[in-house]
Amino acid sequence: MAQGRQSDLAGVVRISAPPTFASQFIAPRLTALRRRYPGIELELAGDSRAISLSRRDADIAIRLTRPTTGSIVARRIGTMVFGLYGQRDYLAKTAACDQDFLGYDDSLDHVLQQQWLRRLEADLRLAFRSNELATLHEAAAAGIGLAVLPRFLGDPDERLALVAKPSPPPSRELWLLVHSDLRRSPRIRAVLDHLVDIVLAGRAILDPEGAASD
């Protein structure tokens with residue numbers, strides 16, 4: 001692909017991704033794409049629900065599970081690893097037996113990281129619940145308790161410290177999805193390629209141990 005600005009590609013490209021991944025990982029890494037293709041208008045929607053690429057709910061989606069139906073081209077582009085985090089002052093002043101846990105509400109009790117937390121703590125009682133990962137992040141940073149967060153979110157936050165546990169932390173696969181009819185569209189292809197590039201470039205924070213072992 002030619003380097004530099006390319007004004008021949010134009011139009012709207014709609015991207016759907018899990019809300020916190022969209023706002024905290026994807027959005028800050030779109031500058032180079034905008035500079036290279038100023039004619040492409042980007043729409044980035046934070047959404048974890050199942051969507052229909054056939055109905056053009058989005059042109060491209062990033063999801064944490066691979067779809068099993070539909071005319072969807074799916075590519076695994078990386079892994080997002082989680083860890084257990086607590087505010088540094090909270091961890092220093094609170095004995096392990098007295099530490100509270102934060103987690104999702106009942107609508108998300110099935111997700112992998114929540115199930116990992118339940119296996120970790122047999123008599124788990126959640127002191128705080130939310131349906132938003134960003135809210136759990138801020139609650140943990142405020143010292144309310146411990147929360148399972150993606151490494152890309154928890155590691156850079158100087159308010160937080162990673163809590164070592166004997167059980168391996170959960171991880172989720174990152175799947176890039178596009179309808180088969182759209183994957184050869186030049187502007188869709190340009191955005192697809194950029195998303196792959198930023199995930200590969202961000203592997204050191206998405207999957208720190210995996211990147212270090214290579």
# chains A, B, ... in the order shown; residues from 1 in each chain; ligands from 1
>>> residues_around(residues="Arg76 (chain A)", least_positions_apart="4", cutoff="9 Å", atoms="only C-alpha atoms", output="list in words")
Arg66, Glu173, Leu174, Trp175, Leu176 and Leu177 of chain A
>>> select_by_dssp(residues="region 2-124 of chain A", states="strand (DSSP E or B)", output="PyMOL selection string")
chain A and resi 11-17+40-46+60-63+72-87+101-104
>>> atom_distance(atom1="CA of Glu43 (chain A)", atom2="CA of Arg14 (chain A)")
4.6 Å
>>> select_by_dssp(residues="region 6-177 of chain A", states="alpha helix (DSSP H)", output="VMD selection string")
chain A and resid 19 to 21 31 to 36 88 to 93 112 to 120 133 to 141 151 to 154
>>> closest_residue(among="A:Ala127, A:Leu160, A:Leu146, A:Val111", to="Ala96 (chain A)", atoms="only C-alpha atoms")
A:Leu146
>>> residues_around(residues="Gly202 (chain A)", least_positions_apart="4", cutoff="10 Å", atoms="only C-alpha atoms", output="number ranges by chain")
A: 25, 29, 78, 152, 196-198, 206-208, 211
>>> write_last_selection(atoms="all heavy atoms", output="PDB file, in the first residue's frame")
ATOM      1  N   PHE A  25      -8.594   1.905  23.851  1.00  0.00           N
ATOM      2  CA  PHE A  25      -7.536   1.321  23.029  1.00  0.00           C
ATOM      3  C   PHE A  25      -7.621   1.787  21.576  1.00  0.00           C
ATOM      4  O   PHE A  25      -6.630   2.272  21.015  1.00  0.00           O
ATOM      5  CB  PHE A  25      -7.583  -0.213  23.083  1.00  0.00           C
ATOM      6  CG  PHE A  25      -6.417  -0.855  22.366  1.00  0.00           C
ATOM      7  CD1 PHE A  25      -5.215  -1.066  23.024  1.00  0.00           C
ATOM      8  CD2 PHE A  25      -6.511  -1.229  21.033  1.00  0.00           C
ATOM      9  CE1 PHE A  25      -4.125  -1.625  22.356  1.00  0.00           C
ATOM     10  CE2 PHE A  25      -5.435  -1.788  20.354  1.00  0.00           C
ATOM     11  CZ  PHE A  25      -4.235  -1.988  21.025  1.00  0.00           C
ATOM     12  N   ARG A  29      -5.692   5.465  18.887  1.00  0.00           N
ATOM     13  CA  ARG A  29      -4.763   4.961  17.876  1.00  0.00           C
ATOM     14  C   ARG A  29      -5.280   5.133  16.447  1.00  0.00           C
ATOM     15  O   ARG A  29      -4.823   4.454  15.537  1.00  0.00           O
ATOM     16  CB  ARG A  29      -4.465   3.479  18.168  1.00  0.00           C
ATOM     17  CG  ARG A  29      -3.677   3.280  19.462  1.00  0.00           C
ATOM     18  CD  ARG A  29      -3.648   1.809  19.884  1.00  0.00           C
ATOM     19  NE  ARG A  29      -2.738   1.613  20.998  1.00  0.00           N
ATOM     20  CZ  ARG A  29      -3.049   1.848  22.286  1.00  0.00           C
ATOM     21  NH1 ARG A  29      -4.279   2.299  22.582  1.00  0.00           N
ATOM     22  NH2 ARG A  29      -2.161   1.658  23.245  1.00  0.00           N
ATOM     23  N   GLY A  78      -5.574 -11.177  17.980  1.00  0.00           N
ATOM     24  CA  GLY A  78      -4.790 -11.008  19.199  1.00  0.00           C
ATOM     25  C   GLY A  78      -5.484 -11.580  20.408  1.00  0.00           C
ATOM     26  O   GLY A  78      -6.541 -12.219  20.302  1.00  0.00           O
ATOM     27  N   PHE A 152      -4.252  -3.964  29.548  1.00  0.00           N
ATOM     28  CA  PHE A 152      -3.994  -2.693  28.866  1.00  0.00           C
ATOM     29  C   PHE A 152      -4.603  -1.517  29.615  1.00  0.00           C
ATOM     30  O   PHE A 152      -4.171  -0.367  29.485  1.00  0.00           O
ATOM     31  CB  PHE A 152      -4.509  -2.734  27.419  1.00  0.00           C
ATOM     32  CG  PHE A 152      -5.973  -2.426  27.243  1.00  0.00           C
ATOM     33  CD1 PHE A 152      -6.431  -1.122  27.152  1.00  0.00           C
ATOM     34  CD2 PHE A 152      -6.903  -3.456  27.162  1.00  0.00           C
ATOM     35  CE1 PHE A 152      -7.783  -0.844  26.987  1.00  0.00           C
ATOM     36  CE2 PHE A 152      -8.241  -3.191  26.988  1.00  0.00           C
ATOM     37  CZ  PHE A 152      -8.691  -1.875  26.906  1.00  0.00           C
ATOM     38  N   VAL A 196      -5.742  -4.193  12.481  1.00  0.00           N
ATOM     39  CA  VAL A 196      -4.803  -5.298  12.694  1.00  0.00           C
ATOM     40  C   VAL A 196      -3.455  -4.758  13.158  1.00  0.00           C
ATOM     41  O   VAL A 196      -2.852  -5.262  14.113  1.00  0.00           O
ATOM     42  CB  VAL A 196      -4.632  -6.128  11.412  1.00  0.00           C
ATOM     43  CG1 VAL A 196      -3.497  -7.138  11.575  1.00  0.00           C
ATOM     44  CG2 VAL A 196      -5.928  -6.854  11.066  1.00  0.00           C
ATOM     45  N   ASP A 197      -2.995  -3.698  12.511  1.00  0.00           N
ATOM     46  CA  ASP A 197      -1.689  -3.127  12.842  1.00  0.00           C
ATOM     47  C   ASP A 197      -1.633  -2.615  14.276  1.00  0.00           C
ATOM     48  O   ASP A 197      -0.638  -2.837  14.987  1.00  0.00           O
ATOM     49  CB  ASP A 197      -1.340  -1.986  11.878  1.00  0.00           C
ATOM     50  CG  ASP A 197      -0.987  -2.477  10.484  1.00  0.00           C
ATOM     51  OD1 ASP A 197      -0.740  -3.692  10.326  1.00  0.00           O
ATOM     52  OD2 ASP A 197      -0.964  -1.652   9.553  1.00  0.00           O
ATOM     53  N   ILE A 198      -2.693  -1.924  14.730  1.00  0.00           N
ATOM     54  CA  ILE A 198      -2.624  -1.354  16.071  1.00  0.00           C
ATOM     55  C   ILE A 198      -2.730  -2.430  17.147  1.00  0.00           C
ATOM     56  O   ILE A 198      -2.140  -2.300  18.225  1.00  0.00           O
ATOM     57  CB  ILE A 198      -3.679  -0.246  16.295  1.00  0.00           C
ATOM     58  CG1 ILE A 198      -5.110  -0.796  16.201  1.00  0.00           C
ATOM     59  CG2 ILE A 198      -3.463   0.899  15.334  1.00  0.00           C
ATOM     60  CD1 ILE A 198      -6.174   0.237  16.579  1.00  0.00           C
ATOM     61  N   LEU A 206      -1.549  -5.503  25.676  1.00  0.00           N
ATOM     62  CA  LEU A 206      -2.723  -6.376  25.644  1.00  0.00           C
ATOM     63  C   LEU A 206      -2.422  -7.736  26.255  1.00  0.00           C
ATOM     64  O   LEU A 206      -3.259  -8.323  26.956  1.00  0.00           O
ATOM     65  CB  LEU A 206      -3.205  -6.558  24.203  1.00  0.00           C
ATOM     66  CG  LEU A 206      -3.835  -5.350  23.519  1.00  0.00           C
ATOM     67  CD1 LEU A 206      -4.014  -5.613  22.035  1.00  0.00           C
ATOM     68  CD2 LEU A 206      -5.184  -5.022  24.176  1.00  0.00           C
ATOM     69  N   ASP A 207      -1.246  -8.255  25.985  1.00  0.00           N
ATOM     70  CA  ASP A 207      -0.838  -9.598  26.418  1.00  0.00           C
ATOM     71  C   ASP A 207       0.638  -9.542  26.840  1.00  0.00           C
ATOM     72  O   ASP A 207       1.513 -10.053  26.129  1.00  0.00           O
ATOM     73  CB  ASP A 207      -1.055 -10.587  25.274  1.00  0.00           C
ATOM     74  CG  ASP A 207      -0.712 -12.019  25.643  1.00  0.00           C
ATOM     75  OD1 ASP A 207      -0.490 -12.297  26.842  1.00  0.00           O
ATOM     76  OD2 ASP A 207      -0.651 -12.863  24.738  1.00  0.00           O
ATOM     77  N   PRO A 208       0.946  -8.898  27.973  1.00  0.00           N
ATOM     78  CA  PRO A 208       2.344  -8.649  28.342  1.00  0.00           C
ATOM     79  C   PRO A 208       3.213  -9.894  28.429  1.00  0.00           C
ATOM     80  O   PRO A 208       4.331  -9.902  27.888  1.00  0.00           O
ATOM     81  CB  PRO A 208       2.217  -7.955  29.711  1.00  0.00           C
ATOM     82  CG  PRO A 208       0.849  -7.349  29.700  1.00  0.00           C
ATOM     83  CD  PRO A 208      -0.003  -8.300  28.933  1.00  0.00           C
ATOM     84  N   ALA A 211       3.743 -11.468  24.911  1.00  0.00           N
ATOM     85  CA  ALA A 211       4.668 -10.686  24.079  1.00  0.00           C
ATOM     86  C   ALA A 211       6.108 -10.877  24.558  1.00  0.00           C
ATOM     87  O   ALA A 211       7.035 -10.971  23.757  1.00  0.00           O
ATOM     88  CB  ALA A 211       4.280  -9.206  24.119  1.00  0.00           C
TER      89      ALA A 211
END
>>> atom_distance(atom1="CA of Arg151 (chain A)", atom2="CA of Met80 (chain A)")
7.5 Å
>>> atom_distance(atom1="CA of Ser16 (chain A)", atom2="CA of Arg129 (chain A)")
24.7 Å
>>> closest_residue(among="A:Thr20, A:Gln99, A:Ser213, A:Thr94", to="Ala134 (chain A)", atoms="only C-alpha atoms")
A:Thr20
>>> residues_around(residues="region 162-172 of chain A", least_positions_apart="2", cutoff="12 Å", atoms="only C-alpha atoms", output="VMD selection string")
chain A and resid 62 to 66 76 to 88 90 to 92 96 99 111 to 121 140 to 141 145 to 160 174 to 175 206 to 210
>>> decode(residues="region 47-97 of chain A", atoms="C-alpha atoms", output="PDB file, in the first residue's frame")
ATOM      1  CA  ASP A  47     -21.107  -2.073  21.953  1.00  0.00           C
ATOM      2  CA  SER A  48     -20.670  -5.639  23.159  1.00  0.00           C
ATOM      3  CA  ARG A  49     -23.980  -6.977  21.897  1.00  0.00           C
ATOM      4  CA  ALA A  50     -24.396  -9.178  18.870  1.00  0.00           C
ATOM      5  CA  ILE A  51     -24.845  -7.053  15.766  1.00  0.00           C
ATOM      6  CA  SER A  52     -25.816  -7.753  12.186  1.00  0.00           C
ATOM      7  CA  LEU A  53     -23.116  -6.879   9.682  1.00  0.00           C
ATOM      8  CA  SER A  54     -25.565  -7.932   6.949  1.00  0.00           C
ATOM      9  CA  ARG A  55     -27.968  -5.149   7.999  1.00  0.00           C
ATOM     10  CA  ARG A  56     -25.024  -2.736   8.171  1.00  0.00           C
ATOM     11  CA  ASP A  57     -25.315  -2.186  11.912  1.00  0.00           C
ATOM     12  CA  ALA A  58     -21.564  -1.783  11.414  1.00  0.00           C
ATOM     13  CA  ASP A  59     -19.091  -2.356   8.603  1.00  0.00           C
ATOM     14  CA  ILE A  60     -16.424  -3.845  10.874  1.00  0.00           C
ATOM     15  CA  ALA A  61     -16.699  -5.333  14.331  1.00  0.00           C
ATOM     16  CA  ILE A  62     -14.254  -6.449  16.997  1.00  0.00           C
ATOM     17  CA  ARG A  63     -15.636  -9.049  19.346  1.00  0.00           C
ATOM     18  CA  LEU A  64     -14.309 -11.321  22.081  1.00  0.00           C
ATOM     19  CA  THR A  65     -15.886 -14.464  20.614  1.00  0.00           C
ATOM     20  CA  ARG A  66     -15.923 -15.860  17.089  1.00  0.00           C
ATOM     21  CA  PRO A  67     -19.301 -15.827  15.311  1.00  0.00           C
ATOM     22  CA  THR A  68     -20.659 -19.182  14.231  1.00  0.00           C
ATOM     23  CA  THR A  69     -23.321 -18.096  11.743  1.00  0.00           C
ATOM     24  CA  GLY A  70     -23.772 -15.723   8.838  1.00  0.00           C
ATOM     25  CA  SER A  71     -21.621 -14.646   5.898  1.00  0.00           C
ATOM     26  CA  ILE A  72     -18.978 -13.223   8.183  1.00  0.00           C
ATOM     27  CA  VAL A  73     -15.232 -13.298   7.625  1.00  0.00           C
ATOM     28  CA  ALA A  74     -13.598 -13.633  11.037  1.00  0.00           C
ATOM     29  CA  ARG A  75      -9.912 -13.256  11.824  1.00  0.00           C
ATOM     30  CA  ARG A  76      -8.304 -13.734  15.211  1.00  0.00           C
ATOM     31  CA  ILE A  77      -5.988 -10.757  15.611  1.00  0.00           C
ATOM     32  CA  GLY A  78      -4.790 -11.008  19.199  1.00  0.00           C
ATOM     33  CA  THR A  79      -5.407 -11.804  22.837  1.00  0.00           C
ATOM     34  CA  MET A  80      -6.521  -9.538  25.661  1.00  0.00           C
ATOM     35  CA  VAL A  81      -5.308 -10.703  29.059  1.00  0.00           C
ATOM     36  CA  PHE A  82      -6.910  -9.712  32.353  1.00  0.00           C
ATOM     37  CA  GLY A  83      -5.554  -9.338  35.866  1.00  0.00           C
ATOM     38  CA  LEU A  84      -6.826  -8.604  39.363  1.00  0.00           C
ATOM     39  CA  TYR A  85      -6.189  -5.019  40.456  1.00  0.00           C
ATOM     40  CA  GLY A  86      -6.567  -2.922  43.560  1.00  0.00           C
ATOM     41  CA  GLN A  87      -5.714   0.615  44.555  1.00  0.00           C
ATOM     42  CA  ARG A  88      -2.172   0.734  45.951  1.00  0.00           C
ATOM     43  CA  ASP A  89      -3.154   2.409  49.234  1.00  0.00           C
ATOM     44  CA  TYR A  90      -6.098   0.038  49.661  1.00  0.00           C
ATOM     45  CA  LEU A  91      -3.859  -3.003  49.228  1.00  0.00           C
ATOM     46  CA  ALA A  92      -1.309  -1.631  51.685  1.00  0.00           C
ATOM     47  CA  LYS A  93      -3.872  -0.975  54.406  1.00  0.00           C
ATOM     48  CA  THR A  94      -6.313  -3.866  53.961  1.00  0.00           C
ATOM     49  CA  ALA A  95      -5.533  -7.440  54.948  1.00  0.00           C
ATOM     50  CA  ALA A  96      -6.168 -10.000  52.216  1.00  0.00           C
ATOM     51  CA  CYS A  97      -8.965 -11.594  54.230  1.00  0.00           C
TER      52      CYS A  97
END
